[in-house]
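Reviewing the structure listed below.
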Amino acid sequence: MKIQTSRFGEIDIDESKIIEMRGGILGFNSLKRFIMIVHEEGSPFHWFQSLDDGSIAFITMNPFIVKSDYDPEIDDQTIEILEVDNAEDIELMVILTVRSEPVKMTANLRAPLVINKQKKLASQVILEDEQYPVQYNVA
Amino acid sequence: MLILTRKLGEVIAVGDDIKIVILDIKGKHVRVGVKAPRQTKVYREELYQIIIEQNQESTQGHSIQIDDILSIFKNKIEKT
């Protein structure tokens, strides 16, 4: 399947890798299908590219790289809507905000993307736990 | 906007499957219980808005070379 994107031009998508949003990314609820694209070999960054709107892509990363003790509690409702059978199927990614000064990049630890990597279902979850900031300084 | 007066323990029904219960009232604080279907997410409005704004901001600023950030980041990881 070929998709036109602003960032990567036309890309050929392996349909088995498409991630379906259950609940959506807040403010972008109409975007239901995404794909993870590794930024480059060895890079911690992954583009979370929308397939419904080629101009929308988020930069994401594994939160444990920047906060090794990150341990958010995922509510039962999310576990259910993502049809999680085994806890190991859950993958967490956090959305980064890139600013004009690279060192000011932040990660949103309060609202991670929770992905069922087995079934390719995802949702953005707002954590109740106030210890995780929306703008966590990573650089 | 519909405005209702409710007493402690009373309930508001929204549609067929959402119930809002007044659980406790202490001065300016009201504890509210919300019972809604699984697919309906319930958020504190101010936090909901902050996350939306952050998501929107995250889709901006990609003109900056992510490669620059990557090099800073790699340095940082090597140092730690």
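Identifiers in the structure tokens: chain A, B, ... in order shown; residue index from 1 per chain; ligand index from 1 in order shown.
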A:Ile18 surroundings by only C-alpha atoms, 9 Å radius, close-in-sequence under 4 positions cut, as a PyMOL selection string: chain A and resi 13-14+33-36+51+120-121
C-alpha atoms of the current selection, written as a tab-separated table (two decimals), in the first residue's frame:
chain	number	residue	atom	x	y	z
A	13	ILE	CA	3.57	0.44	3.69
A	14	ASP	CA	3.62	-3.15	4.83
A	33	ARG	CA	-4.07	4.48	11.31
A	34	PHE	CA	-0.38	5.03	11.96
A	35	ILE	CA	2.91	3.40	11.16
A	36	MET	CA	6.17	3.43	13.14
A	51	LEU	CA	-1.64	7.19	7.21
A	120	LYS	CA	-1.26	-3.56	16.48
A	121	LEU	CA	-3.73	-1.56	18.55
Contacts of B:Arg6 within 12 Å, only C-alpha atoms, excl. fewer than 3 positions in-chain, as a PyMOL selection string: chain B and resi 3+9-13+20-25+30+32
Non-local contacts of B:Ser58 (8 Å; only C-alpha atoms; under 5 positions in same chain excluded) as a ChimeraX atom specification: /A:58-59,95-98
Could the residues in this selection be saved with C-alpha atoms as an mmCIF file, in the first residue's frame?
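The resulting file, selection_11.cif, is reproduced below:
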data_model
loop_
_atom_site.group_PDB
_atom_site.id
_atom_site.type_symbol
_atom_site.label_atom_id
_atom_site.label_comp_id
_atom_site.auth_asym_id
_atom_site.auth_seq_id
_atom_site.Cartn_x
_atom_site.Cartn_y
_atom_site.Cartn_z
ATOM 1 C CA PHE A 58 4.961 12.619 15.733
ATOM 2 C CA ILE A 59 8.485 11.923 16.921
ATOM 3 C CA ILE A 95 5.719 11.742 22.148
ATOM 4 C CA LEU A 96 8.544 14.246 21.895
ATOM 5 C CA THR A 97 8.257 17.965 21.338
ATOM 6 C CA VAL A 98 11.119 19.414 19.361
#
Which of stretch 7-56 of chain B DSSP labels alpha helix (DSSP H), written as a list in words: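 Alpha helix (DSSP H) assignments inside stretch 7-56 of chain B correspond to Glu45, Glu46, Leu47, Tyr48, Gln49, Ile50, Ile51, Ile52, Glu53, Gln54, Asn55 and Gln56 of chain B.
Nearest-residue note for A:Lys32: choosing from A:Ala122, A:Ile3, A:Ile74, A:Met93, the minimum distance belongs to A:Ala122, counting only C-alpha atoms.
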Counting only C-alpha atoms, chain A residues within 10 Å of chain B, as a PyMOL selection string: chain A and resi 7+22-23+25-28+39-40+42-45+55-60+65-66+76-78+80-81+95-108+110-111+124-128+134-135+138-139
Strand (DSSP E) call set, DSSP backbone run, chain A, as a VMD selection string: chain A and resid 2 to 5 9 to 12 19 to 21 33 to 38 45 to 50 57 to 61 90 to 97 106 to 107 113 to 116 121 to 124 136 to 137
Of the listed residues A:Glu20, A:Asp69, A:Asp75, A:Asp89, that which approaches A:Gln49 most closely, counting only C-alpha atoms: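 Looking at the shortest contact to A:Gln49, the residue is A:Glu20.
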Atom CA of A:Glu130 to atom CA of B:Glu45, straight-line distance in Å: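 Separation of atom CA of B:Glu45 and atom CA of A:Glu130: 15.1 Å.
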